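Undergrad: Just so it is clear, I am handing over query03.txt, which has compact mmCIF, C-alpha atoms and all ligand atoms.
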# COMPACT_ATOMS: atom_id res chain seq x y z
CA MET J 1 -20.35 -6.35 26.43
CA THR J 2 -19.58 -9.71 24.96
CA ALA J 3 -22.94 -11.04 23.77
CA ILE J 4 -25.06 -8.80 21.58
CA ALA J 5 -28.17 -9.85 19.73
CA VAL J 6 -29.61 -7.95 16.80
CA VAL J 7 -33.31 -8.57 16.27
CA GLY J 8 -35.83 -7.06 13.91
CA SER J 9 -38.44 -5.22 15.96
CA GLN J 10 -41.14 -4.96 13.29
CA TRP J 11 -42.11 -7.39 10.49
CA GLY J 12 -38.64 -8.05 9.10
CA ASP J 13 -36.68 -6.13 6.47
CA GLU J 14 -35.72 -3.46 9.01
CA GLY J 15 -32.20 -3.31 7.61
CA LYS J 16 -30.50 -5.43 10.25
CA GLY J 17 -27.47 -5.81 7.98
CA LYS J 18 -26.38 -2.25 8.67
CA ILE J 19 -25.85 -2.60 12.43
CA THR J 20 -24.66 -6.18 12.00
CA ASP J 21 -21.98 -4.98 9.64
CA PHE J 22 -20.94 -2.30 12.12
CA LEU J 23 -20.80 -4.72 15.07
CA SER J 24 -19.19 -7.65 13.30
CA LYS J 25 -15.93 -5.74 12.78
CA ASP J 26 -15.19 -6.24 16.48
CA ALA J 27 -16.86 -9.62 16.91
CA ALA J 28 -15.02 -12.90 17.30
CA MET J 29 -17.99 -14.81 15.99
CA ALA J 30 -21.26 -14.19 14.15
CA VAL J 31 -24.11 -16.54 14.91
CA ARG J 32 -27.52 -17.32 13.43
CA SER J 33 -30.12 -19.17 15.42
CA ASN J 34 -33.46 -19.15 13.59
CA GLY J 35 -35.15 -19.15 10.20
CA GLY J 36 -33.61 -20.19 6.94
CA ASN J 37 -33.36 -18.85 3.44
CA ASN J 38 -36.58 -16.90 3.92
CA ALA J 39 -34.26 -14.15 5.18
CA GLY J 40 -32.19 -12.11 2.80
CA HIS J 41 -29.83 -9.22 2.89
CA THR J 42 -27.48 -7.56 0.50
CA ILE J 43 -23.98 -6.75 1.64
CA GLU J 44 -21.77 -4.41 -0.29
CA ILE J 45 -18.04 -4.71 0.21
CA GLY J 46 -15.97 -2.47 -2.02
CA ASP J 47 -17.37 -2.87 -5.52
CA LYS J 48 -18.79 -6.32 -4.78
CA THR J 49 -22.35 -7.15 -3.84
CA PHE J 50 -23.19 -10.29 -1.89
CA LYS J 51 -26.73 -11.58 -1.54
CA MET J 52 -26.90 -13.61 1.65
CA ARG J 53 -29.84 -15.66 2.80
CA LEU J 54 -28.48 -18.28 5.14
CA ILE J 55 -24.85 -17.64 6.01
CA PRO J 56 -24.48 -15.10 8.84
CA SER J 57 -23.41 -11.80 7.33
CA GLY J 58 -20.68 -11.54 9.96
CA ILE J 59 -18.70 -14.15 8.03
CA PHE J 60 -16.94 -11.26 6.30
CA ALA J 61 -15.58 -9.68 9.42
CA ALA J 62 -15.92 -11.84 12.52
CA LYS J 63 -12.47 -13.17 13.38
CA ASN J 64 -13.41 -16.77 14.13
CA GLY J 65 -16.04 -17.09 11.46
CA ALA J 66 -19.74 -17.77 11.46
CA VAL J 67 -22.02 -20.25 13.15
CA ILE J 68 -25.31 -21.73 11.94
CA GLY J 69 -27.07 -22.92 15.07
CA ASN J 70 -29.48 -25.79 15.70
CA GLY J 71 -32.53 -23.53 15.42
CA VAL J 72 -31.83 -22.72 11.77
CA VAL J 73 -33.40 -24.74 8.95
CA ILE J 74 -30.90 -25.40 6.18
CA ASN J 75 -31.53 -25.76 2.48
CA PRO J 76 -28.19 -27.31 1.44
CA GLU J 77 -28.51 -26.27 -2.20
CA VAL J 78 -28.99 -22.63 -1.24
CA MET J 79 -26.23 -22.80 1.36
CA PHE J 80 -23.65 -24.26 -1.02
CA GLY J 81 -24.70 -21.71 -3.67
CA GLU J 82 -23.84 -18.95 -1.19
CA LEU J 83 -20.64 -20.61 -0.03
CA ASP J 84 -19.41 -21.23 -3.60
CA ASN J 85 -20.05 -17.61 -4.41
CA LEU J 86 -18.16 -16.41 -1.33
CA GLU J 87 -15.19 -18.66 -2.13
CA LYS J 88 -15.15 -17.49 -5.73
CA GLU J 89 -14.82 -13.94 -4.45
CA GLY J 90 -11.92 -14.91 -2.19
CA ILE J 91 -13.81 -14.79 1.11
CA ASP J 92 -12.39 -17.14 3.74
CA ILE J 93 -15.17 -19.52 4.78
CA SER J 94 -13.01 -22.00 6.67
CA GLY J 95 -14.31 -20.72 10.02
CA LEU J 96 -17.91 -21.72 9.26
CA LYS J 97 -19.54 -24.06 11.77
CA ILE J 98 -22.85 -25.82 11.15
CA SER J 99 -24.88 -27.40 13.93
CA ASN J 100 -25.24 -31.17 13.76
CA ARG J 101 -28.73 -30.65 15.24
CA ALA J 102 -30.03 -28.19 12.63
CA HIS J 103 -32.91 -29.45 10.51
CA VAL J 104 -32.65 -29.84 6.75
CA ILE J 105 -35.15 -28.38 4.30
CA MET J 106 -36.00 -31.21 1.92
CA PRO J 107 -37.51 -30.88 -1.58
CA TYR J 108 -40.91 -32.00 -0.25
CA HIS J 109 -40.96 -29.14 2.26
CA ILE J 110 -40.78 -26.61 -0.54
CA LEU J 111 -43.59 -28.35 -2.44
CA GLN J 112 -45.69 -28.64 0.70
CA ASP J 113 -45.28 -24.92 1.37
CA THR J 114 -46.52 -24.16 -2.15
CA TYR J 115 -49.44 -26.62 -2.03
CA GLN J 116 -50.56 -25.38 1.40
CA GLU J 117 -50.55 -21.80 0.23
CA GLU J 118 -52.50 -22.68 -2.94
CA ALA J 119 -55.05 -24.59 -0.90
CA LYS J 120 -55.58 -21.67 1.49
CA GLY J 121 -56.70 -19.41 -1.38
CA ASP J 122 -57.37 -15.90 -0.12
CA LYS J 123 -56.47 -17.03 3.42
CA LYS J 124 -52.89 -17.68 2.36
CA ILE J 125 -50.05 -16.51 4.63
CA GLY J 126 -47.98 -15.13 1.78
CA THR J 127 -44.96 -17.25 2.70
CA THR J 128 -41.68 -17.09 0.85
CA LYS J 129 -42.38 -20.66 -0.38
CA ASN J 130 -38.99 -21.85 0.72
CA GLY J 131 -40.32 -24.76 2.77
CA ILE J 132 -39.62 -23.05 6.10
CA GLY J 133 -42.99 -23.81 7.75
CA PRO J 134 -43.17 -27.49 6.68
CA CYS J 135 -39.57 -28.08 7.82
CA TYR J 136 -40.36 -26.71 11.30
CA MET J 137 -43.62 -28.71 11.24
CA ASP J 138 -41.64 -31.91 10.75
CA LYS J 139 -39.23 -30.88 13.48
CA ALA J 140 -42.13 -30.47 15.91
CA SER J 141 -43.73 -33.71 14.65
CA ARG J 142 -40.43 -35.48 15.32
CA ILE J 143 -40.06 -36.73 11.75
CA GLY J 144 -37.56 -34.09 10.62
CA ILE J 145 -34.17 -34.85 9.11
CA ARG J 146 -31.24 -33.27 10.88
CA VAL J 147 -27.76 -32.49 9.62
CA CYS J 148 -26.34 -35.38 11.68
CA ASP J 149 -28.76 -37.75 9.92
CA LEU J 150 -27.28 -36.85 6.51
CA LEU J 151 -23.95 -38.17 7.80
CA GLU J 152 -25.28 -41.67 8.53
CA ARG J 153 -26.38 -43.52 5.40
CA ASP J 154 -28.68 -46.05 7.10
CA THR J 155 -30.27 -43.49 9.45
CA PHE J 156 -30.94 -41.14 6.58
CA GLU J 157 -32.37 -43.91 4.42
CA GLU J 158 -34.79 -45.00 7.14
CA LYS J 159 -35.88 -41.45 7.98
CA LEU J 160 -36.28 -40.40 4.37
CA ARG J 161 -38.37 -43.48 3.54
CA THR J 162 -40.67 -42.79 6.52
CA SER J 163 -41.05 -39.08 5.78
CA LEU J 164 -41.51 -39.59 2.09
CA ALA J 165 -44.27 -42.16 2.57
CA GLU J 166 -46.13 -39.62 4.70
CA LYS J 167 -45.53 -36.73 2.30
CA ASN J 168 -46.50 -38.74 -0.77
CA ALA J 169 -49.77 -39.75 0.87
CA LEU J 170 -50.43 -36.08 1.64
CA PHE J 171 -49.46 -34.88 -1.83
CA THR J 172 -51.51 -37.45 -3.75
CA LYS J 173 -54.54 -37.81 -1.48
CA VAL J 174 -55.01 -34.27 -0.18
CA TYR J 175 -53.48 -32.06 -2.83
CA GLY J 176 -53.88 -34.31 -5.92
CA LYS J 177 -50.22 -33.84 -6.81
CA PRO J 178 -47.60 -36.32 -8.04
CA GLU J 179 -45.42 -38.43 -5.74
CA LEU J 180 -41.73 -37.79 -5.17
CA LYS J 181 -39.24 -40.59 -5.76
CA PHE J 182 -36.84 -41.71 -3.04
CA GLU J 183 -34.06 -42.22 -5.62
CA ASP J 184 -34.29 -38.60 -6.78
CA ILE J 185 -33.47 -37.35 -3.30
CA PHE J 186 -31.41 -39.91 -1.38
CA GLU J 187 -27.97 -39.87 -3.03
CA LYS J 188 -28.10 -36.14 -3.69
CA TYR J 189 -28.69 -35.30 -0.03
CA LEU J 190 -26.14 -37.86 1.18
CA GLU J 191 -23.67 -36.04 -1.00
CA TYR J 192 -24.67 -32.71 0.55
CA GLY J 193 -23.99 -34.30 3.93
CA GLN J 194 -20.49 -35.33 2.86
CA LYS J 195 -19.81 -31.86 1.48
CA MET J 196 -21.05 -30.31 4.73
CA LYS J 197 -19.17 -32.67 7.04
CA LYS J 198 -16.06 -30.57 7.55
CA TYR J 199 -18.16 -27.70 8.93
CA VAL J 200 -20.46 -29.80 11.10
CA THR J 201 -20.05 -29.78 14.86
CA ASP J 202 -21.89 -29.23 18.14
CA THR J 203 -22.20 -25.47 17.76
CA SER J 204 -23.60 -25.08 21.27
CA VAL J 205 -20.15 -26.02 22.58
CA VAL J 206 -18.42 -23.61 20.19
CA VAL J 207 -20.61 -20.63 21.13
CA ASN J 208 -20.63 -21.33 24.88
CA ASN J 209 -16.85 -21.72 24.88
CA ALA J 210 -16.48 -18.38 23.13
CA LEU J 211 -18.74 -16.72 25.71
CA ASP J 212 -16.89 -18.41 28.58
CA ASN J 213 -13.67 -16.94 27.17
CA ASP J 214 -15.20 -13.45 27.07
CA GLU J 215 -15.04 -13.31 23.29
CA LYS J 216 -17.43 -10.94 21.57
CA VAL J 217 -20.27 -12.89 20.00
CA LEU J 218 -22.81 -11.32 17.69
CA PHE J 219 -26.18 -13.05 17.37
CA GLU J 220 -27.89 -12.18 14.09
CA GLY J 221 -31.64 -12.48 14.27
CA ALA J 222 -33.72 -13.18 11.19
CA GLN J 223 -37.16 -11.74 10.30
CA GLY J 224 -38.73 -9.60 13.03
CA VAL J 225 -40.45 -9.86 16.39
CA MET J 226 -43.90 -9.28 14.89
CA LEU J 227 -43.32 -12.41 12.75
CA ASP J 228 -42.49 -14.55 15.81
CA ILE J 229 -44.55 -17.73 15.93
CA ASP J 230 -45.62 -17.09 19.54
CA GLU J 231 -45.56 -13.33 19.92
CA GLY J 232 -46.30 -12.14 16.38
CA THR J 233 -49.51 -11.71 14.41
CA TYR J 234 -50.31 -15.44 14.36
CA PRO J 235 -51.02 -17.15 11.96
CA TYR J 236 -49.48 -14.48 9.72
CA VAL J 237 -46.02 -15.17 11.03
CA THR J 238 -42.99 -17.26 10.22
CA SER J 239 -42.52 -20.65 11.87
CA SER J 240 -39.69 -19.91 14.28
CA ASN J 241 -39.07 -17.79 17.37
CA THR J 242 -37.62 -14.54 16.18
CA ILE J 243 -37.54 -12.99 19.68
CA SER J 244 -34.29 -13.03 21.63
CA GLY J 245 -35.56 -16.03 23.63
CA GLY J 246 -35.34 -18.02 20.38
CA ILE J 247 -31.60 -17.45 20.41
CA ALA J 248 -31.12 -19.47 23.59
CA SER J 249 -32.98 -22.48 22.22
CA GLY J 250 -31.69 -21.97 18.68
CA ILE J 251 -28.09 -22.13 19.88
CA GLY J 252 -28.23 -24.25 22.98
CA MET J 253 -27.23 -21.71 25.58
CA GLY J 254 -28.68 -20.20 28.72
CA ALA J 255 -31.28 -17.47 28.43
CA ASN J 256 -29.11 -15.40 30.77
CA ARG J 257 -26.17 -15.11 28.41
CA LEU J 258 -27.19 -12.12 26.30
CA ASP J 259 -25.93 -8.74 27.48
CA THR J 260 -27.68 -6.48 24.98
CA VAL J 261 -30.60 -6.93 22.62
CA ILE J 262 -30.65 -4.35 19.86
CA GLY J 263 -34.03 -3.90 18.21
CA VAL J 264 -33.73 -2.65 14.66
CA CYS J 265 -36.57 -0.58 13.25
CA LYS J 266 -37.33 1.74 10.39
CA ALA J 267 -38.59 5.31 10.80
CA TYR J 268 -41.86 3.86 9.49
CA THR J 269 -43.18 0.29 9.19
CA THR J 270 -43.27 -2.29 6.41
CA ARG J 271 -44.50 -5.81 6.06
CA VAL J 272 -44.66 -8.35 3.24
CA GLY J 273 -47.19 -11.11 2.93
CA GLU J 274 -50.65 -11.08 4.41
CA GLY J 275 -51.85 -10.24 7.92
CA PRO J 276 -52.96 -7.33 10.07
CA PHE J 277 -51.10 -4.04 9.86
CA PRO J 278 -52.88 -1.31 11.84
CA THR J 279 -50.84 1.66 10.59
CA GLU J 280 -50.83 0.60 6.93
CA LEU J 281 -50.99 3.44 4.43
CA LEU J 282 -52.99 2.63 1.33
CA ASP J 283 -52.74 6.14 -0.09
CA GLU J 284 -50.25 8.33 -1.91
CA VAL J 285 -48.23 8.89 1.29
CA GLY J 286 -47.62 5.13 1.43
CA ASP J 287 -46.69 5.14 -2.27
CA ARG J 288 -44.29 8.02 -1.69
CA ILE J 289 -42.51 6.20 1.17
CA ARG J 290 -42.39 2.99 -0.89
CA GLU J 291 -40.87 4.71 -3.90
CA THR J 292 -38.45 6.91 -1.94
CA ALA J 293 -37.19 3.99 0.11
CA HIS J 294 -37.40 1.38 -2.70
CA GLU J 295 -39.56 -0.84 -0.55
CA TYR J 296 -39.59 -3.86 -2.83
CA GLY J 297 -38.48 -7.37 -1.80
CA THR J 298 -34.79 -8.01 -2.52
CA VAL J 299 -35.42 -11.51 -3.82
CA THR J 300 -39.04 -11.55 -4.97
CA GLY J 301 -39.42 -7.90 -6.01
CA ARG J 302 -42.79 -7.89 -4.19
CA PRO J 303 -43.87 -4.35 -3.24
CA ARG J 304 -43.81 -4.11 0.54
CA ARG J 305 -46.81 -2.82 2.44
CA VAL J 306 -45.97 0.50 4.09
CA GLY J 307 -47.30 2.32 7.17
CA TRP J 308 -46.47 4.86 9.87
CA PHE J 309 -44.23 4.04 12.82
CA ASP J 310 -46.23 1.99 15.31
CA SER J 311 -45.05 2.47 18.90
CA VAL J 312 -47.64 -0.01 20.23
CA ALA J 313 -46.02 -2.76 18.16
CA LEU J 314 -42.57 -1.55 19.21
CA ARG J 315 -43.43 -1.59 22.92
CA HIS J 316 -44.76 -5.12 22.44
CA ALA J 317 -41.50 -6.05 20.70
CA LYS J 318 -39.45 -4.41 23.44
CA ARG J 319 -41.22 -6.44 26.12
CA VAL J 320 -41.28 -9.86 24.45
CA ALA J 321 -37.72 -9.64 23.11
CA GLY J 322 -36.08 -7.71 25.95
CA ILE J 323 -34.92 -4.96 23.61
CA ASN J 324 -32.68 -2.53 25.49
CA ALA J 325 -31.14 -0.59 22.59
CA LEU J 326 -32.74 0.78 19.45
CA SER J 327 -31.20 1.10 16.00
CA LEU J 328 -33.33 3.18 13.63
CA ASN J 329 -32.91 3.08 9.85
CA LEU J 330 -34.15 5.13 6.92
CA LEU J 331 -34.63 8.44 8.69
CA ASP J 332 -33.62 10.18 5.43
CA VAL J 333 -36.84 9.02 3.76
CA PHE J 334 -38.80 11.81 5.47
CA SER J 335 -36.73 14.70 4.10
CA GLY J 336 -39.11 16.97 2.20
CA PHE J 337 -42.21 15.57 3.89
CA ASP J 338 -44.67 17.95 5.43
CA LYS J 339 -45.41 15.92 8.53
CA ILE J 340 -44.73 12.53 10.03
CA LYS J 341 -47.17 10.50 12.06
CA ILE J 342 -46.40 8.16 14.95
CA CYS J 343 -48.99 5.76 16.29
CA THR J 344 -49.08 6.14 20.08
CA ALA J 345 -52.01 3.84 20.95
CA TYR J 346 -54.94 2.01 19.35
CA GLU J 347 -58.61 2.67 19.62
CA LEU J 348 -60.59 -0.54 19.95
CA ASP J 349 -64.39 -0.31 19.94
CA GLY J 350 -64.24 3.26 21.21
CA GLU J 351 -61.66 2.57 23.92
CA LYS J 352 -58.01 3.57 23.90
CA ILE J 353 -55.74 0.58 24.41
CA ASP J 354 -51.99 0.20 24.83
CA TYR J 355 -51.41 -3.47 24.09
CA TYR J 356 -51.13 -5.57 20.98
CA PRO J 357 -54.27 -7.74 20.83
CA ALA J 358 -53.85 -11.47 20.28
CA SER J 359 -57.19 -11.78 18.49
CA LEU J 360 -56.93 -11.01 14.80
CA LYS J 361 -60.55 -9.87 14.76
CA GLU J 362 -59.78 -7.30 17.46
CA LEU J 363 -56.60 -6.30 15.68
CA TYR J 364 -58.46 -5.65 12.44
CA ARG J 365 -60.85 -3.39 14.39
CA CYS J 366 -58.02 -1.38 15.97
CA LYS J 367 -57.69 2.18 14.73
CA PRO J 368 -54.32 3.84 15.25
CA VAL J 369 -54.21 6.96 17.41
CA TYR J 370 -51.69 9.28 15.84
CA GLU J 371 -49.46 12.06 17.01
CA GLU J 372 -48.26 14.40 14.25
CA LEU J 373 -44.77 15.83 14.10
CA PRO J 374 -43.37 18.30 11.57
CA ALA J 375 -40.80 16.86 9.14
CA TRP J 376 -37.81 18.72 7.69
CA GLU J 377 -36.76 20.01 4.29
CA GLU J 378 -33.04 19.29 4.42
CA ASP J 379 -31.34 16.36 2.71
CA ILE J 380 -29.74 14.56 5.67
CA THR J 381 -27.91 11.82 3.78
CA ASN J 382 -24.51 13.37 4.53
CA VAL J 383 -25.13 14.10 8.19
CA LYS J 384 -22.57 12.38 10.39
CA THR J 385 -23.46 13.56 13.89
CA TRP J 386 -26.52 14.02 16.06
CA GLU J 387 -25.77 17.75 16.38
CA ASP J 388 -25.97 18.23 12.61
CA LEU J 389 -29.43 16.72 12.28
CA PRO J 390 -32.32 19.16 11.72
CA GLU J 391 -34.16 20.02 14.95
CA ASN J 392 -37.33 18.31 13.75
CA ALA J 393 -35.44 15.10 12.97
CA LYS J 394 -34.03 15.12 16.51
CA LYS J 395 -37.52 15.72 17.91
CA PHE J 396 -38.87 12.76 15.93
CA LEU J 397 -36.06 10.49 17.13
CA ASN J 398 -36.40 11.58 20.74
CA ARG J 399 -40.13 10.98 20.63
CA VAL J 400 -39.68 7.49 19.13
CA SER J 401 -37.15 6.62 21.81
CA GLU J 402 -39.41 8.01 24.53
CA LEU J 403 -42.51 6.17 23.30
CA VAL J 404 -40.68 2.87 22.99
CA GLY J 405 -38.82 3.44 26.24
CA VAL J 406 -35.46 2.42 24.83
CA PRO J 407 -32.37 4.54 24.03
CA LEU J 408 -31.19 4.89 20.45
CA VAL J 409 -27.72 3.57 19.64
CA THR J 410 -27.54 4.19 15.89
CA VAL J 411 -29.49 6.18 13.33
CA SER J 412 -29.09 5.51 9.65
CA VAL J 413 -29.46 8.22 7.00
CA GLY J 414 -28.62 6.22 3.88
CA PRO J 415 -27.63 2.75 2.68
CA ASP J 416 -23.84 3.15 2.85
CA ARG J 417 -21.73 2.03 5.77
CA GLU J 418 -20.68 5.65 6.28
CA GLN J 419 -24.23 6.95 6.46
CA THR J 420 -24.69 5.90 10.07
CA ILE J 421 -24.80 8.16 13.09
CA VAL J 422 -23.42 6.20 16.03
CA LEU J 423 -24.74 7.54 19.32
CA LYS J 424 -23.31 4.75 21.45
CA ASN J 425 -21.14 1.80 20.50
CA PRO J 426 -23.12 -1.21 21.80
CA TRP J 427 -19.91 -3.15 22.53
CA GLU J 428 -18.98 -0.37 24.95
CA MET J 429 -22.31 -0.11 26.70
P1 LIG G 1 -42.19 -18.01 5.69
O1 LIG G 1 -41.17 -17.62 6.70
O2 LIG G 1 -41.61 -18.20 4.31
O3 LIG G 1 -43.00 -19.19 6.13
O4 LIG G 1 -43.22 -16.79 5.55
C1 LIG G 1 -44.12 -16.46 6.59
C2 LIG G 1 -44.32 -14.95 6.66
O5 LIG G 1 -43.10 -14.33 7.09
C3 LIG G 1 -44.66 -14.27 5.33
O6 LIG G 1 -45.51 -13.18 5.57
C4 LIG G 1 -43.32 -13.78 4.82
O7 LIG G 1 -43.46 -12.71 3.93
C5 LIG G 1 -42.69 -13.35 6.14
N1 LIG G 1 -41.22 -13.37 6.10
C6 LIG G 1 -40.41 -14.44 6.18
N2 LIG G 1 -39.12 -14.07 6.14
C7 LIG G 1 -39.11 -12.73 6.05
C8 LIG G 1 -38.06 -11.76 6.01
O8 LIG G 1 -36.86 -12.05 6.05
N3 LIG G 1 -38.47 -10.46 5.91
C9 LIG G 1 -39.78 -10.09 5.90
N4 LIG G 1 -40.78 -10.97 5.95
C10 LIG G 1 -40.45 -12.28 6.02
Represent the structure contained in this file as structure tokens.

TA:
Amino acid sequence: MTAIAVVGSQWGDEGKGKITDFLSKDAAMAVRSNGGNNAGHTIEIGDKTFKMRLIPSGIFAAKNGAVIGNGVVINPEVMFGELDNLEKEGIDISGLKISNRAHVIMPYHILQDTYQEEAKGDKKIGTTKNGIGPCYMDKASRIGIRVCDLLERDTFEEKLRTSLAEKNALFTKVYGKPELKFEDIFEKYLEYGQKMKKYVTDTSVVVNNALDNDEKVLFEGAQGVMLDIDEGTYPYVTSSNTISGGIASGIGMGANRLDTVIGVCKAYTTRVGEGPFPTELLDEVGDRIRETAHEYGTVTGRPRRVGWFDSVALRHAKRVAGINALSLNLLDVFSGFDKIKICTAYELDGEKIDYYPASLKELYRCKPVYEELPAWEEDITNVKTWEDLPENAKKFLNRVSELVGVPLVTVSVGPDREQTIVLKNPWEM
């Protein structure tokens, strides 16, 4: 296999870094194609900890470096913060490539995100307030500023003046907030452009060339399928396509180029922010999972909402993202539990259904239908092989794989690199 995509199959935070880290050792290139610094993962290398939000985590291992594709939205300040930190720690970043077509998150996008959320009151989305939505809004409205625009003084000036006039009207007239000044933004962002220049290129050419030469390319998805703007729990979603189809448009490559799509999931479900969550646990079982698994946001510290494994959502994710391999994390959390529940279907108005409703009203009325499986007593954090897993853990995993209809490739029993049971190496599939 030469083209593998790793996508979150739930609502993000599935622990995609684990399998990405494993796969990037053999990859020539690590690529990101959607989202921005709303994503976040911690990478531990030796005694050093790196908090990455924008740079593909494969930058540490992939031989020819990392690519930020046209579908990503870039906050230059955050990106240079990450790059400076990597350089300080002696990481070679010279292989980084940034798409000239990627859109730039401007200061007004971050403010707009905050004002919109405030205005929505209890209908807020619970965004990360990083300006992601407003940046994609401007892209779709055709008033966005792209990386290539930062490299042309007169183009950038014209575009910034136009956008700012529109934003200032919105801020003052709709939200009753102060205006932003052109002078406070212009030179600073031109400078970012100059600093970025040496990395900027047509990344579609770079990635397609690598694929044409049979090099191994790892596509790192951000967020999760259930947060996809088309296929997720709209409007409680992010503003990009997190499904594998988003990779083709977010890179500029054919939809037929991916060989494998690995869906990453947890042994249970979490979500942050607002929105429907049929298997949510609002009781002490949920608290126990949250505390055992430290389910708190890495950046914000927000407690994550927790629920049982939802195979209806996973089957939806499998279909819309073409998932053909499953990577399950956090199996160890259930050691010492009495029983584990898996949602096999929903009950909607007295009828059993096996699809993920588009209507939020219907979704809020859905009651999960559960199957109960016995858990296990043993601590499994040192288990290295499938054979050494407790029988009940194997039964749980087999049932998950059966219900989703996708084979498992890795199972994780702890946060360390070593605490991963590899059932099949995806590069060899
Ligand atoms: P936004 O992407 O900041 O606009 O946030 C929209 C929704 O997506 C909110 O519910 C966020 O909590 C959620 N979200 C965005 N990025 C992530 C992520 O990396 N992990 C989990 N949830 C996320």

Undergrad: Counting only C-alpha atoms and all ligand atoms, which residues in chain J sit no more than 7 Å from ligand LIG 1 (chain G)? For each one, give the nearest pair of atoms and the distance in Å, sorted by chain then residue number, as a Markdown table.

TA:
| residue | atom | partner | partner_atom | distance |
| --- | --- | --- | --- | --- |
| J:Trp11 | CA | G:LIG1 | C9 | 5.8 |
| J:Gly12 | CA | G:LIG1 | C9 | 4.0 |
| J:Asp13 | CA | G:LIG1 | N3 | 4.7 |
| J:Asn38 | CA | G:LIG1 | N2 | 4.4 |
| J:Ala39 | CA | G:LIG1 | O8 | 3.5 |
| J:Gly40 | CA | G:LIG1 | O8 | 5.7 |
| J:Ile125 | CA | G:LIG1 | O6 | 5.7 |
| J:Gly126 | CA | G:LIG1 | O6 | 4.9 |
| J:Thr127 | CA | G:LIG1 | O4 | 3.4 |
| J:Thr128 | CA | G:LIG1 | O2 | 3.6 |
| J:Lys129 | CA | G:LIG1 | O2 | 5.4 |
| J:Asn130 | CA | G:LIG1 | O2 | 5.8 |
| J:Gly131 | CA | G:LIG1 | O2 | 6.9 |
| J:Ile132 | CA | G:LIG1 | O3 | 5.1 |
| J:Gly133 | CA | G:LIG1 | O3 | 4.9 |
| J:Ala222 | CA | G:LIG1 | O8 | 6.1 |
| J:Gln223 | CA | G:LIG1 | O8 | 4.3 |
| J:Leu227 | CA | G:LIG1 | O5 | 6.0 |
| J:Tyr236 | CA | G:LIG1 | O6 | 5.9 |
| J:Val237 | CA | G:LIG1 | C2 | 4.7 |
| J:Thr238 | CA | G:LIG1 | C1 | 3.9 |
| J:Ser239 | CA | G:LIG1 | O3 | 5.9 |
| J:Arg271 | CA | G:LIG1 | N4 | 6.4 |
| J:Val272 | CA | G:LIG1 | O7 | 4.6 |
| J:Gly273 | CA | G:LIG1 | O6 | 3.8 |
| J:Glu274 | CA | G:LIG1 | O6 | 5.7 |

Undergrad: So which residues touch Asn209 of chain J within 12 Å, counting all atoms listed in the file, skipping near sequence neighbours fewer than 4 positions away, as a compact mmCIF listing (two decimals) with C-alpha atoms, keeping the file's coordinate frame?

TA:
# COMPACT_ATOMS: atom_id res chain seq x y z
CA ALA J 28 -15.02 -12.90 17.30
CA MET J 29 -17.99 -14.81 15.99
CA ASP J 202 -21.89 -29.23 18.14
CA THR J 203 -22.20 -25.47 17.76
CA SER J 204 -23.60 -25.08 21.27
CA VAL J 205 -20.15 -26.02 22.58
CA ASN J 213 -13.67 -16.94 27.17
CA ASP J 214 -15.20 -13.45 27.07
CA GLU J 215 -15.04 -13.31 23.29
CA LYS J 216 -17.43 -10.94 21.57
CA VAL J 217 -20.27 -12.89 20.00
CA GLY J 252 -28.23 -24.25 22.98
CA MET J 253 -27.23 -21.71 25.58
CA ARG J 257 -26.17 -15.11 28.41

Undergrad: Would you pick out the contacts of Gly58 of chain J at 6 Å or less, using all atoms listed in the file, so that residues sharing its chain but fewer than 3 positions from it are not included, and give the list as a ChimeraX atom specification?

TA: /J:24,30,61-62

Undergrad: Using all atoms listed in the file, which residues sit within 12 Å of Glu372 of chain J once same-chain residues fewer than 4 positions away are excluded, as a list in words?

TA: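 Here the answer would be Trp308, Phe309, Asp338, Lys339, Ile340, Lys341, Ile342, Cys343, Thr344, Asn392, Lys395, Phe396 and Arg399 of chain J.
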
Undergrad: Nearest to Thr292 of chain J: which of J:Gly414, J:Thr201, J:Val422, J:Pro276 is it, counting all atoms listed in the file?

TA: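 Closest residue, counting all atoms listed in the file: J:Gly414.
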
Undergrad: Take the point (-31.4, -16.1, 18.2) as written in the file and pick out every residue within 12 Å of it, counting all atoms listed in the file; give the list as a VMD selection string.

TA: chain J and resid 3 to 8 30 to 35 56 67 to 72 217 to 225 228 240 to 255 257 to 258 261 to 262 321

Undergrad: Could you tell me how far atom CA of Glu158 of chain J lies from atom CA of Thr114 of chain J, in Å and to one decimal?

TA: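 Computed distance, atom CA of Glu158 of chain J to atom CA of Thr114 of chain J, equals 25.7 Å.
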
Undergrad: Hey, can you check how far atom CA of Leu180 of chain J sits from atom CA of Lys198 of chain J?

TA: 29.5 Å
